[in-house]
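Asker: Below is my_file.pdb; it holds PDB, C-alpha atoms.
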```
ATOM      1  CA  MET A 745     -11.997  10.060  10.322
ATOM      2  CA  ARG A 746     -14.538   7.284   9.682
ATOM      3  CA  HIS A 747     -13.078   5.477   6.649
ATOM      4  CA  PHE A 748      -9.495   5.429   5.369
ATOM      5  CA  THR A 749      -8.862   4.458   1.753
ATOM      6  CA  SER A 750      -6.355   7.058   0.524
ATOM      7  CA  VAL A 751      -3.513   9.149   1.915
ATOM      8  CA  LYS A 752      -5.429  12.177   0.650
ATOM      9  CA  GLN A 753      -7.558  11.690   3.760
ATOM     10  CA  LEU A 754      -4.589  12.404   6.047
ATOM     11  CA  GLY A 755      -5.369  16.109   5.990
ATOM     12  CA  ASP A 756      -2.606  18.505   6.983
ATOM     13  CA  LEU A 757       0.648  16.544   6.619
ATOM     14  CA  LYS A 758       2.440  18.419   9.385
ATOM     15  CA  GLU A 759      -0.306  17.376  11.795
ATOM     16  CA  ALA A 760      -0.353  13.810  10.428
ATOM     17  CA  PHE A 761       3.396  13.439  10.929
ATOM     18  CA  ALA A 762       3.128  14.883  14.435
ATOM     19  CA  LYS A 763       0.430  12.343  15.308
ATOM     20  CA  ALA A 764       2.590   9.534  13.912
ATOM     21  CA  GLU A 765       5.601  10.751  15.900
ATOM     22  CA  TYR A 766       3.512  10.745  19.095
ATOM     23  CA  VAL A 767       2.349   7.180  18.406
ATOM     24  CA  LYS A 768       5.916   6.067  17.732
ATOM     25  CA  GLU A 769       7.196   7.584  20.964
ATOM     26  CA  ASN A 770       4.168   6.538  23.065
ATOM     27  CA  PRO A 771       2.883   3.263  21.575
ATOM     28  CA  PHE A 772       0.861   2.225  24.640
ATOM     29  CA  ALA A 773      -0.467   5.615  25.724
ATOM     30  CA  ASP A 774      -3.964   5.142  24.283
ATOM     31  CA  GLN A 775      -4.901   1.628  25.380
ATOM     32  CA  GLU A 776      -8.099   2.834  27.048
ATOM     33  CA  LEU A 777      -9.238   4.133  23.669
ATOM     34  CA  GLY A 778      -9.570   0.621  22.277
ATOM     35  CA  ARG A 779     -10.738  -1.188  25.411
ATOM     36  CA  ASN A 780     -13.695  -3.494  24.638
ATOM     37  CA  LYS A 781     -13.492  -2.556  20.965
ATOM     38  CA  THR A 782     -12.914  -5.184  18.268
ATOM     39  CA  LEU A 783     -11.030  -4.906  14.987
ATOM     40  CA  LEU A 784     -11.930  -7.419  12.283
ATOM     41  CA  MET A 785      -9.130  -7.883   9.740
ATOM     42  CA  LEU A 786     -10.276  -9.526   6.504
ATOM     43  CA  PHE A 787      -7.750 -10.937   4.063
ATOM     44  CA  PHE A 788      -8.784 -11.885   0.551
ATOM     45  CA  ASN A 789      -5.041 -12.024  -0.262
ATOM     46  CA  SER A 790      -1.814 -13.094   1.426
ATOM     47  CA  SER A 791      -0.010 -10.806   3.841
ATOM     48  CA  LEU A 792       2.935 -10.624   6.218
ATOM     49  CA  ARG A 793       3.734  -6.997   7.138
ATOM     50  CA  THR A 794       0.152  -5.760   6.844
ATOM     51  CA  ARG A 795      -1.218  -8.559   8.992
ATOM     52  CA  LEU A 796       1.422  -8.337  11.713
ATOM     53  CA  SER A 797       1.767  -4.560  11.819
ATOM     54  CA  THR A 798      -1.971  -3.845  11.837
ATOM     55  CA  GLN A 799      -2.676  -6.459  14.485
ATOM     56  CA  LYS A 800       0.178  -5.099  16.605
ATOM     57  CA  ALA A 801      -1.140  -1.558  16.147
ATOM     58  CA  ALA A 802      -4.630  -2.540  17.298
ATOM     59  CA  MET A 803      -3.238  -4.427  20.309
ATOM     60  CA  ASN A 804      -1.156  -1.373  21.246
ATOM     61  CA  LEU A 805      -4.459   0.522  21.338
ATOM     62  CA  GLY A 806      -6.023  -2.064  23.661
ATOM     63  CA  MET A 807      -8.312  -3.617  21.021
ATOM     64  CA  ASN A 808      -9.470  -7.173  20.552
ATOM     65  CA  VAL A 809      -8.528  -8.481  17.108
ATOM     66  CA  ILE A 810     -10.209 -11.055  14.870
ATOM     67  CA  VAL A 811      -8.298 -12.156  11.768
ATOM     68  CA  LEU A 812     -10.107 -13.960   8.949
ATOM     69  CA  ASP A 813      -8.481 -15.423   5.829
ATOM     70  CA  VAL A 814     -11.510 -15.369   3.575
ATOM     71  CA  ASN A 815     -10.142 -17.904   1.100
ATOM     72  CA  GLN A 816      -9.046 -20.399   3.760
ATOM     73  CA  GLY A 817     -11.140 -19.937   6.901
ATOM     74  CA  ALA A 818     -14.590 -19.079   5.529
ATOM     75  CA  TRP A 819     -17.160 -20.110   2.948
ATOM     76  CA  LYS A 820     -16.249 -19.200  -0.594
ATOM     77  CA  LEU A 821     -17.960 -15.897  -1.325
ATOM     78  CA  GLU A 822     -19.923 -14.927  -4.404
ATOM     79  CA  THR A 823     -19.423 -11.254  -5.308
ATOM     80  CA  GLU A 824     -21.655 -10.797  -8.365
ATOM     81  CA  ARG A 825     -25.359  -9.965  -8.349
ATOM     82  CA  GLY A 826     -27.746 -11.965 -10.495
ATOM     83  CA  VAL A 827     -25.721 -15.160 -10.295
ATOM     84  CA  ILE A 828     -27.526 -18.471  -9.796
ATOM     85  CA  MET A 829     -25.492 -19.780  -6.891
ATOM     86  CA  ASP A 830     -25.345 -23.442  -7.881
ATOM     87  CA  GLY A 831     -21.554 -23.664  -7.874
ATOM     88  CA  ASP A 832     -18.878 -23.840  -5.196
ATOM     89  CA  LYS A 833     -19.737 -20.492  -3.534
ATOM     90  CA  PRO A 834     -22.466 -21.027  -0.908
ATOM     91  CA  GLU A 835     -22.490 -17.489   0.571
ATOM     92  CA  HIS A 836     -22.902 -14.069  -1.001
ATOM     93  CA  LEU A 837     -20.761 -11.134   0.036
ATOM     94  CA  LEU A 838     -23.880  -9.015   0.493
ATOM     95  CA  GLU A 839     -25.042 -11.232   3.367
ATOM     96  CA  ALA A 840     -21.558 -11.871   4.707
ATOM     97  CA  ILE A 841     -20.620  -8.194   5.014
ATOM     98  CA  PRO A 842     -23.427  -7.058   7.370
ATOM     99  CA  VAL A 843     -22.970 -10.236   9.413
ATOM    100  CA  MET A 844     -19.281  -9.395   9.830
ATOM    101  CA  GLY A 845     -20.286  -5.899  10.897
ATOM    102  CA  CYS A 846     -22.304  -7.403  13.759
ATOM    103  CA  TYR A 847     -19.148  -8.876  15.286
ATOM    104  CA  CYS A 848     -16.810  -5.872  15.380
ATOM    105  CA  ASP A 849     -16.401  -2.119  15.692
ATOM    106  CA  ILE A 850     -13.910  -1.479  12.858
ATOM    107  CA  ILE A 851     -13.127  -3.485   9.716
ATOM    108  CA  GLY A 852      -9.833  -3.641   7.824
ATOM    109  CA  VAL A 853     -10.045  -5.118   4.307
ATOM    110  CA  ARG A 854      -7.294  -6.422   2.036
ATOM    111  CA  SER A 855      -8.484  -7.174  -1.503
ATOM    112  CA  PHE A 856      -6.166  -6.903  -4.509
ATOM    113  CA  ALA A 857      -7.009  -6.114  -8.099
ATOM    114  CA  ARG A 858      -8.194  -9.253  -9.852
ATOM    115  CA  PHE A 859      -7.134  -8.122 -13.359
ATOM    116  CA  GLU A 860     -10.435  -9.568 -14.650
ATOM    117  CA  ASN A 861     -12.361  -6.329 -15.059
ATOM    118  CA  LYS A 862     -10.560  -2.999 -15.018
ATOM    119  CA  ASP A 863     -13.706  -1.049 -14.165
ATOM    120  CA  ASP A 864     -14.430  -3.283 -11.153
ATOM    121  CA  ASP A 865     -10.837  -2.920  -9.970
ATOM    122  CA  TYR A 866     -10.597   0.851 -10.399
ATOM    123  CA  ASN A 867     -14.056   1.423  -8.913
ATOM    124  CA  GLU A 868     -12.906  -0.526  -5.828
ATOM    125  CA  LYS A 869     -15.978  -2.738  -5.967
ATOM    126  CA  ILE A 870     -15.223  -4.979  -2.964
ATOM    127  CA  LEU A 871     -13.841  -2.289  -0.657
ATOM    128  CA  ASN A 872     -16.778   0.003  -1.365
ATOM    129  CA  GLU A 873     -19.292  -2.774  -0.674
ATOM    130  CA  PHE A 874     -17.800  -3.112   2.814
ATOM    131  CA  ILE A 875     -18.117   0.634   3.308
ATOM    132  CA  GLN A 876     -21.715   0.579   2.033
ATOM    133  CA  TYR A 877     -23.094  -2.526   3.752
ATOM    134  CA  SER A 878     -21.087  -3.237   6.926
ATOM    135  CA  GLY A 879     -22.348  -0.325   9.000
ATOM    136  CA  ARG A 880     -18.814   0.001  10.421
ATOM    137  CA  PRO A 881     -15.792   2.206   9.797
ATOM    138  CA  VAL A 882     -13.622   0.559   7.158
ATOM    139  CA  PHE A 883      -9.973   1.047   6.305
ATOM    140  CA  SER A 884      -7.972  -0.361   3.428
ATOM    141  CA  MET A 885      -5.181  -2.833   4.128
ATOM    142  CA  GLU A 886      -4.474  -2.696   0.367
ATOM    143  CA  ALA A 887      -7.164  -2.521  -2.237
ATOM    144  CA  ALA A 888      -7.209  -2.742  -6.027
ATOM    145  CA  THR A 889      -5.861   0.756  -6.643
ATOM    146  CA  ARG A 890      -4.190   1.932  -3.425
ATOM    147  CA  HIS A 891      -2.225   0.763  -0.385
ATOM    148  CA  PRO A 892      -2.607   3.781   1.915
ATOM    149  CA  LEU A 893      -1.162   2.279   5.116
ATOM    150  CA  GLN A 894       2.006   1.379   3.200
ATOM    151  CA  THR A 895       2.207   4.817   1.639
ATOM    152  CA  PHE A 896       1.706   6.591   4.956
ATOM    153  CA  ALA A 897       4.562   4.486   6.375
ATOM    154  CA  ASP A 898       6.677   5.425   3.336
ATOM    155  CA  MET A 899       5.920   9.101   3.892
ATOM    156  CA  ILE A 900       6.813   8.847   7.585
ATOM    157  CA  THR A 901      10.093   7.131   6.674
ATOM    158  CA  ILE A 902      11.013   9.778   4.102
ATOM    159  CA  GLU A 903      10.191  12.509   6.612
ATOM    160  CA  GLU A 904      12.521  10.842   9.141
ATOM    161  CA  TYR A 905      15.429  10.290   6.743
ATOM    162  CA  ARG A 906      15.338  13.267   4.405
ATOM    163  CA  LYS A 907      18.369  15.558   4.512
ATOM    164  CA  LYS A 908      16.962  18.297   2.278
ATOM    165  CA  ASP A 909      13.875  20.463   2.499
ATOM    166  CA  ARG A 910      12.875  19.323  -0.984
ATOM    167  CA  PRO A 911      14.441  15.929  -1.755
ATOM    168  CA  LYS A 912      14.434  14.235  -5.147
ATOM    169  CA  ILE A 913      12.384  11.036  -4.895
ATOM    170  CA  VAL A 914      12.399   8.508  -7.724
ATOM    171  CA  MET A 915       9.971   5.633  -8.076
ATOM    172  CA  THR A 916      11.384   3.086 -10.475
ATOM    173  CA  TRP A 917       9.727   0.134 -12.155
ATOM    174  CA  ALA A 918      11.773  -3.052 -11.857
ATOM    175  CA  PRO A 919      11.281  -6.531 -13.362
ATOM    176  CA  HIS A 920       9.184  -9.252 -11.766
ATOM    177  CA  PRO A 921       8.035 -12.667 -13.064
ATOM    178  CA  LYS A 922       4.365 -12.163 -12.127
ATOM    179  CA  ALA A 923       1.703  -9.568 -12.864
ATOM    180  CA  LEU A 924       1.475  -7.280  -9.829
ATOM    181  CA  PRO A 925      -1.248  -4.689  -9.107
ATOM    182  CA  GLN A 926      -0.684  -0.968  -9.483
ATOM    183  CA  ALA A 927      -1.894  -0.309  -5.925
ATOM    184  CA  VAL A 928       1.477   0.419  -4.305
ATOM    185  CA  PRO A 929       2.874   2.617  -7.114
ATOM    186  CA  ASN A 930      -0.465   4.431  -7.484
ATOM    187  CA  SER A 931      -0.618   5.108  -3.773
ATOM    188  CA  PHE A 932       3.057   6.078  -3.482
ATOM    189  CA  ALA A 933       2.621   8.543  -6.341
ATOM    190  CA  GLU A 934      -0.443   9.976  -4.625
ATOM    191  CA  GLY A 935       1.564  10.424  -1.424
ATOM    192  CA  MET A 936       4.552  12.035  -3.096
ATOM    193  CA  ASN A 937       2.268  14.542  -4.810
ATOM    194  CA  LEU A 938       1.180  15.647  -1.346
ATOM    195  CA  MET A 939       4.754  16.130  -0.121
ATOM    196  CA  ASP A 940       7.171  18.937  -0.968
ATOM    197  CA  CYS A 941       9.597  17.033  -3.182
ATOM    198  CA  GLU A 942      10.873  16.613  -6.712
ATOM    199  CA  PHE A 943       9.062  13.459  -7.786
ATOM    200  CA  VAL A 944      10.121  11.376 -10.769
ATOM    201  CA  ILE A 945       8.640   8.120 -12.050
ATOM    202  CA  THR A 946      10.755   5.983 -14.352
ATOM    203  CA  HIS A 947       9.611   2.902 -16.247
ATOM    204  CA  PRO A 948       9.754   1.296 -19.699
ATOM    205  CA  HIS A 949       7.265   2.321 -22.360
ATOM    206  CA  GLY A 950       3.953   0.553 -21.838
ATOM    207  CA  TYR A 951       3.998   0.780 -18.051
ATOM    208  CA  GLU A 952       2.375   4.201 -17.752
ATOM    209  CA  LEU A 953       0.173   4.511 -14.662
ATOM    210  CA  ASP A 954      -3.202   6.201 -14.402
ATOM    211  CA  PRO A 955      -2.543   9.984 -14.632
ATOM    212  CA  ALA A 956      -5.096  10.470 -11.842
ATOM    213  CA  PHE A 957      -2.440   9.033  -9.523
ATOM    214  CA  THR A 958       0.820  10.212 -11.109
ATOM    215  CA  GLY A 959      -0.344  13.825 -10.927
ATOM    216  CA  ASN A 960       2.543  16.263 -11.236
ATOM    217  CA  ALA A 961       5.281  13.624 -11.370
ATOM    218  CA  ARG A 962       7.874  13.861 -14.127
ATOM    219  CA  ILE A 963       7.811  10.686 -16.223
ATOM    220  CA  GLU A 964      11.267   9.581 -17.371
ATOM    221  CA  TYR A 965      11.867   6.564 -19.610
ATOM    222  CA  ASP A 966      15.653   6.657 -19.138
ATOM    223  CA  GLN A 967      16.286   5.049 -15.743
ATOM    224  CA  ASP A 968      19.883   6.275 -15.473
ATOM    225  CA  LYS A 969      18.816   9.851 -16.145
ATOM    226  CA  ALA A 970      16.046   9.550 -13.544
ATOM    227  CA  PHE A 971      18.479   8.325 -10.883
ATOM    228  CA  GLU A 972      20.882  11.251 -11.269
ATOM    229  CA  GLY A 973      21.071  13.243  -8.024
ATOM    230  CA  ALA A 974      18.229  11.329  -6.358
ATOM    231  CA  ASP A 975      17.890  11.290  -2.570
ATOM    232  CA  PHE A 976      15.477   8.345  -2.359
ATOM    233  CA  ILE A 977      14.972   5.423  -4.730
ATOM    234  CA  TYR A 978      11.675   3.586  -4.362
ATOM    235  CA  ALA A 979      11.664   0.384  -6.416
ATOM    236  CA  LYS A 980       8.472  -1.441  -7.329
ATOM    237  CA  ASN A 981       7.093  -3.618 -10.092
ATOM    238  CA  TRP A 982       3.629  -3.218 -11.546
ATOM    239  CA  ALA A 983       1.716  -4.732 -14.443
ATOM    240  CA  ALA A 984       0.550  -2.688 -17.406
ATOM    241  CA  TYR A 985      -2.390  -0.363 -16.827
ATOM    242  CA  SER A 986      -3.455   0.887 -20.240
ATOM    243  CA  GLY A 987      -5.938  -0.558 -22.693
ATOM    244  CA  GLU A 988      -5.990  -4.211 -23.640
ATOM    245  CA  ASN A 989      -2.667  -4.739 -21.860
ATOM    246  CA  TYR A 990      -4.247  -4.149 -18.436
ATOM    247  CA  GLY A 991      -2.818  -6.600 -15.924
ATOM    248  CA  LYS A 992      -0.215  -8.009 -18.294
ATOM    249  CA  VAL A 993       3.561  -8.436 -17.972
ATOM    250  CA  LEU A 994       4.962  -6.767 -21.075
ATOM    251  CA  ASN A 995       8.608  -7.546 -20.379
ATOM    252  CA  MET A 996      11.048  -8.644 -17.694
ATOM    253  CA  ASP A 997      13.950  -6.462 -18.773
ATOM    254  CA  ARG A 998      16.667  -7.234 -16.235
ATOM    255  CA  SER A 999      18.502  -4.046 -17.156
ATOM    256  CA  TRP A1000      15.963  -2.257 -14.932
ATOM    257  CA  THR A1001      17.101  -4.126 -11.794
ATOM    258  CA  VAL A1002      18.390  -1.633  -9.210
ATOM    259  CA  ASP A1003      22.104  -2.300  -8.762
ATOM    260  CA  SER A1004      25.165  -0.551  -7.332
ATOM    261  CA  ARG A1005      26.059   1.129 -10.622
ATOM    262  CA  LYS A1006      22.680   2.824 -10.769
ATOM    263  CA  MET A1007      22.733   3.785  -7.100
ATOM    264  CA  ALA A1008      26.121   5.422  -7.708
ATOM    265  CA  LEU A1009      24.333   7.892 -10.007
ATOM    266  CA  THR A1010      22.311   9.192  -7.049
ATOM    267  CA  ASP A1011      23.244  11.607  -4.279
ATOM    268  CA  ASN A1012      23.964   8.689  -1.920
ATOM    269  CA  ALA A1013      20.246   7.883  -2.047
ATOM    270  CA  TYR A1014      18.356   5.720   0.388
ATOM    271  CA  PHE A1015      16.841   2.578  -1.105
ATOM    272  CA  MET A1016      13.201   1.799  -0.312
ATOM    273  CA  HIS A1017      10.807  -1.036  -1.136
ATOM    274  CA  CYS A1018       7.489  -2.084   0.386
ATOM    275  CA  LEU A1019       8.542  -5.779   0.649
ATOM    276  CA  PRO A1020       8.407  -8.647  -0.083
ATOM    277  CA  VAL A1021      11.144  -8.124  -2.642
ATOM    278  CA  ARG A1022      12.547 -10.551  -5.181
ATOM    279  CA  ARG A1023      16.290 -10.195  -4.826
ATOM    280  CA  ASN A1024      18.328  -9.874  -8.002
ATOM    281  CA  MET A1025      15.129  -9.161  -9.935
ATOM    282  CA  ILE A1026      13.942  -5.950  -8.287
ATOM    283  CA  VAL A1027      17.216  -5.141  -6.498
ATOM    284  CA  THR A1028      20.621  -6.741  -6.104
ATOM    285  CA  ASP A1029      21.877  -8.214  -2.848
ATOM    286  CA  GLU A1030      24.516  -5.537  -2.398
ATOM    287  CA  VAL A1031      22.006  -2.686  -2.662
ATOM    288  CA  ILE A1032      19.369  -4.074  -0.338
ATOM    289  CA  GLU A1033      22.035  -5.057   2.196
ATOM    290  CA  SER A1034      23.858  -1.719   1.987
ATOM    291  CA  PRO A1035      23.837   0.918   4.756
ATOM    292  CA  GLN A1036      21.618   3.058   2.500
ATOM    293  CA  SER A1037      18.870   0.457   2.469
ATOM    294  CA  ILE A1038      16.050   1.519   4.798
ATOM    295  CA  VAL A1039      13.559  -1.231   3.962
ATOM    296  CA  ILE A1040      13.522  -2.496   7.566
ATOM    297  CA  PRO A1041      12.833   0.893   9.233
ATOM    298  CA  GLU A1042      10.255   1.437   6.489
ATOM    299  CA  ALA A1043       8.560  -1.854   7.407
ATOM    300  CA  ALA A1044       8.728  -1.010  11.117
ATOM    301  CA  ASN A1045       6.846   2.198  10.402
ATOM    302  CA  ARG A1046       3.919   0.103   9.199
ATOM    303  CA  VAL A1047       2.916  -0.273  12.866
ATOM    304  CA  VAL A1048       3.096   3.500  13.291
ATOM    305  CA  SER A1049       0.994   4.252  10.220
ATOM    306  CA  ALA A1050      -1.659   1.673  11.109
ATOM    307  CA  GLN A1051      -1.841   2.733  14.746
ATOM    308  CA  THR A1052      -2.152   6.396  13.842
ATOM    309  CA  ILE A1053      -5.056   5.666  11.491
ATOM    310  CA  ILE A1054      -6.876   3.233  13.781
ATOM    311  CA  LYS A1055      -6.537   5.727  16.632
ATOM    312  CA  GLU A1056      -8.166   8.436  14.503
ATOM    313  CA  ILE A1057     -11.025   6.073  13.634
ATOM    314  CA  LEU A1058     -11.506   5.127  17.291
ATOM    315  CA  LEU A1059     -11.688   8.819  18.189
ATOM    316  CA  SER A1060     -14.556   9.186  15.701
ATOM    317  CA  LEU A1061     -16.685   6.391  17.200
TER     318      LEU A1061
END
```
Please, can you express the file's structure as structure tokens?
Answerer:
Amino acid sequence: MRHFTSVKQLGDLKEAFAKAEYVKENPFADQELGRNKTLLMLFFNSSLRTRLSTQKAAMNLGMNVIVLDVNQGAWKLETERGVIMDGDKPEHLLEAIPVMGCYCDIIGVRSFARFENKDDDYNEKILNEFIQYSGRPVFSMEAATRHPLQTFADMITIEEYRKKDRPKIVMTWAPHPKALPQAVPNSFAEGMNLMDCEFVITHPHGYELDPAFTGNARIEYDQDKAFEGADFIYAKNWAAYSGENYGKVLNMDRSWTVDSRKMALTDNAYFMHCLPVRRNMIVTDEVIESPQSIVIPEAANRVVSAQTIIKEILLSL
């Protein structure tokens, strides 16, 4: 594996889960693999779990780690060609990227959708420029359309907690005061389509995701009906995808908040969320604090997913 931008690149899931299990049980077994190798982690957006888990994963593998907050610790970067650079951006990304490649062996990039140009977002303009111009292996720490390290951690968590060969997994939209990217729901849908499960997506009208990601999922507009008999509930907000509404908040219908009444419709389902979560908007206190909430083990598996991927990249060097 040279680049990692989608869970579709995991290959055989049985083998991927076995590799993750080995990493979880033997976190320091491969420190020689990363000796004298450097990971550069670039953040165009804020982070807590991704930053800490990925840095921890690289350290477990014996790597040196450089962390750069592009918007705080570097020159402002111009990203467009043909621009007369007479404003507040003194450096162009096309010079910055190959320079960054000189200082490391692997690059992790976190760059959200900007909601300015749908084509730029869904063509993964920034991530692909790093792949094209850095000369280094690149992995996504969340891009405009996917968050593969999060989804791999979600898949590992479901594999650990599932009680049925083919569980019912429901991804539900929930209200949020800000416009959030579709990266996590897109990526989660992509992952669930790879797993042997009954996958349902529920959301209000107007929040349909790109069918290229939803795949074979059943779309259900009645949240209560979707929750019936579910084994896992994955809650997440996202902004509208379609047409002129791209990137917009169409409503903040609080009736979609995941609460105890809705969880009672499930088959004692586990509650999942990628975090951070806005309590009593996305999910009520009693649900996220219940014994069926597995958001903390899910977050802990972020180290496992990152370490498994970085290890595979190191093996390809």
Asker: What does the PyMOL selection byres ((chain A and resi 785) around 8) select in this file, as a VMD selection string?
Answerer: chain A and resid 783 to 784 786 to 787 795 809 to 812 851 to 853
Asker: Quick one, how far is atom CA of A:Ala897 from atom CA of A:Trp982?
Answerer: 19.5 Å
Asker: Skipping near chain neighbours, those fewer than 3 positions away, what residues fall within 12 Å of A:Pro881 using all atoms listed in the file, listed as a count of residues only?
Answerer: 31
Asker: On this structure, the PyMOL selection byres ((chain A and resi 1016) around 12) would catch which residues? List them as a compact mmCIF listing (two decimals) with C-alpha atoms, in the frame of the given file, sorted by chain and number.
Answerer:
```
# COMPACT_ATOMS: atom_id res chain seq x y z
CA GLN A 894 2.01 1.38 3.20
CA THR A 895 2.21 4.82 1.64
CA ALA A 897 4.56 4.49 6.38
CA ASP A 898 6.68 5.42 3.34
CA MET A 899 5.92 9.10 3.89
CA THR A 901 10.09 7.13 6.67
CA ILE A 902 11.01 9.78 4.10
CA TYR A 905 15.43 10.29 6.74
CA ILE A 913 12.38 11.04 -4.89
CA VAL A 914 12.40 8.51 -7.72
CA MET A 915 9.97 5.63 -8.08
CA THR A 916 11.38 3.09 -10.48
CA PHE A 932 3.06 6.08 -3.48
CA ASP A 975 17.89 11.29 -2.57
CA PHE A 976 15.48 8.35 -2.36
CA ILE A 977 14.97 5.42 -4.73
CA TYR A 978 11.68 3.59 -4.36
CA ALA A 979 11.66 0.38 -6.42
CA LYS A 980 8.47 -1.44 -7.33
CA VAL A 1002 18.39 -1.63 -9.21
CA MET A 1007 22.73 3.78 -7.10
CA ALA A 1013 20.25 7.88 -2.05
CA TYR A 1014 18.36 5.72 0.39
CA PHE A 1015 16.84 2.58 -1.10
CA HIS A 1017 10.81 -1.04 -1.14
CA CYS A 1018 7.49 -2.08 0.39
CA LEU A 1019 8.54 -5.78 0.65
CA PRO A 1020 8.41 -8.65 -0.08
CA VAL A 1021 11.14 -8.12 -2.64
CA ILE A 1026 13.94 -5.95 -8.29
CA VAL A 1027 17.22 -5.14 -6.50
CA VAL A 1031 22.01 -2.69 -2.66
CA ILE A 1032 19.37 -4.07 -0.34
CA GLU A 1033 22.04 -5.06 2.20
CA SER A 1034 23.86 -1.72 1.99
CA PRO A 1035 23.84 0.92 4.76
CA GLN A 1036 21.62 3.06 2.50
CA SER A 1037 18.87 0.46 2.47
CA ILE A 1038 16.05 1.52 4.80
CA VAL A 1039 13.56 -1.23 3.96
CA ILE A 1040 13.52 -2.50 7.57
CA PRO A 1041 12.83 0.89 9.23
CA GLU A 1042 10.26 1.44 6.49
CA ALA A 1043 8.56 -1.85 7.41
```
Asker: Take the PyMOL selection byres ((chain A and resi 984) around 10), run it mentally on this structure, and tell me the resulting residues as a tab-separated table (two decimals) with C-alpha atoms, keeping the file's coordinate frame.
Answerer:
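Output file result.tsv follows:
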```tsv
chain	number	residue	atom	x	y	z
A	923	ALA	CA	1.70	-9.57	-12.86
A	924	LEU	CA	1.48	-7.28	-9.83
A	925	PRO	CA	-1.25	-4.69	-9.11
A	926	GLN	CA	-0.68	-0.97	-9.48
A	949	HIS	CA	7.26	2.32	-22.36
A	950	GLY	CA	3.95	0.55	-21.84
A	951	TYR	CA	4.00	0.78	-18.05
A	952	GLU	CA	2.38	4.20	-17.75
A	953	LEU	CA	0.17	4.51	-14.66
A	981	ASN	CA	7.09	-3.62	-10.09
A	982	TRP	CA	3.63	-3.22	-11.55
A	983	ALA	CA	1.72	-4.73	-14.44
A	985	TYR	CA	-2.39	-0.36	-16.83
A	986	SER	CA	-3.46	0.89	-20.24
A	987	GLY	CA	-5.94	-0.56	-22.69
A	988	GLU	CA	-5.99	-4.21	-23.64
A	989	ASN	CA	-2.67	-4.74	-21.86
A	990	TYR	CA	-4.25	-4.15	-18.44
A	991	GLY	CA	-2.82	-6.60	-15.92
A	992	LYS	CA	-0.22	-8.01	-18.29
A	993	VAL	CA	3.56	-8.44	-17.97
A	994	LEU	CA	4.96	-6.77	-21.08
A	995	ASN	CA	8.61	-7.55	-20.38
```
Asker: Take atom CA of A:Pro948 and atom CA of A:Asn1024 and report the distance between them in Å, one decimal.
Answerer: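 Atom-to-atom, atom CA of A:Pro948 to atom CA of A:Asn1024, that is 18.3 Å.
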Asker: Kindly list the centre and edge lengths in Å, rounded to one decimal, for the axis-aligned box that covers all listed atoms of stretch 829-845 of chain A plus 4 Å on each of its six sides, as JSON.
Answerer:
```
{"center_x": -22.2, "center_y": -14.9, "center_z": 1.5, "size_x": 14.6, "size_y": 25.9, "size_z": 26.8}
```
Asker: Just the number, please: distance in Å from atom CA of A:His947 to atom CA of A:Asp1011, one decimal.
Answerer: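 Atom CA of A:His947 sits 20.1 Å away from atom CA of A:Asp1011.
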Asker: So, with only C-alpha atoms as the atoms that count, which of A:Ala918, A:Gly973, A:Leu938, A:Leu821 lies closest to A:Asn960?
Answerer: A:Leu938
Asker: From the set A:His836, A:Arg793, A:Arg890, A:Lys752, which residue has the shortest atom-to-atom contact distance to A:Pro929, counting all atoms listed in the file?
Answerer: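 Of all the options, A:Arg890 lies closest to A:Pro929.
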Asker: Pick out the closest residue to A:Ala1044 from this set: A:Asn930, A:Asn815, A:Thr798, A:Asn861. Count all atoms listed in the file.
Answerer: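 For A:Ala1044, the nearest of the given residues is A:Thr798.
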Asker: Quick one: residues within 12 Å of A:Asn789, only C-alpha atoms, excluding same-chain residues fewer than 4 positions away - as a PyMOL selection string?
Answerer: chain A and resi 785+794-795+812-816+853-858+885-888
Asker: So, with all atoms listed in the file as the atoms that count, which of A:Asp966, A:Phe883, A:Lys912, A:Phe957 lies closest to A:Val944?
Answerer: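 Nearest to A:Val944: A:Lys912.
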Asker: Would you kindly identify which residues have an atom no farther than 8 Å from (-2.0, 8.9, 5.8), using only C-alpha atoms and the file's own coordinates, and write them out as an mmCIF file with C-alpha atoms, in the coordinates of the input?
Answerer:
```
data_model
loop_
_atom_site.group_PDB
_atom_site.id
_atom_site.type_symbol
_atom_site.label_atom_id
_atom_site.label_comp_id
_atom_site.auth_asym_id
_atom_site.auth_seq_id
_atom_site.Cartn_x
_atom_site.Cartn_y
_atom_site.Cartn_z
ATOM 1 C CA SER A 750 -6.355 7.058 0.524
ATOM 2 C CA VAL A 751 -3.513 9.149 1.915
ATOM 3 C CA LYS A 752 -5.429 12.177 0.650
ATOM 4 C CA GLN A 753 -7.558 11.690 3.760
ATOM 5 C CA LEU A 754 -4.589 12.404 6.047
ATOM 6 C CA GLY A 755 -5.369 16.109 5.990
ATOM 7 C CA ALA A 760 -0.353 13.810 10.428
ATOM 8 C CA PRO A 892 -2.607 3.781 1.915
ATOM 9 C CA LEU A 893 -1.162 2.279 5.116
ATOM 10 C CA THR A 895 2.207 4.817 1.639
ATOM 11 C CA PHE A 896 1.706 6.591 4.956
ATOM 12 C CA ALA A 897 4.562 4.486 6.375
ATOM 13 C CA SER A 1049 0.994 4.252 10.220
ATOM 14 C CA ILE A 1053 -5.056 5.666 11.491
#
```
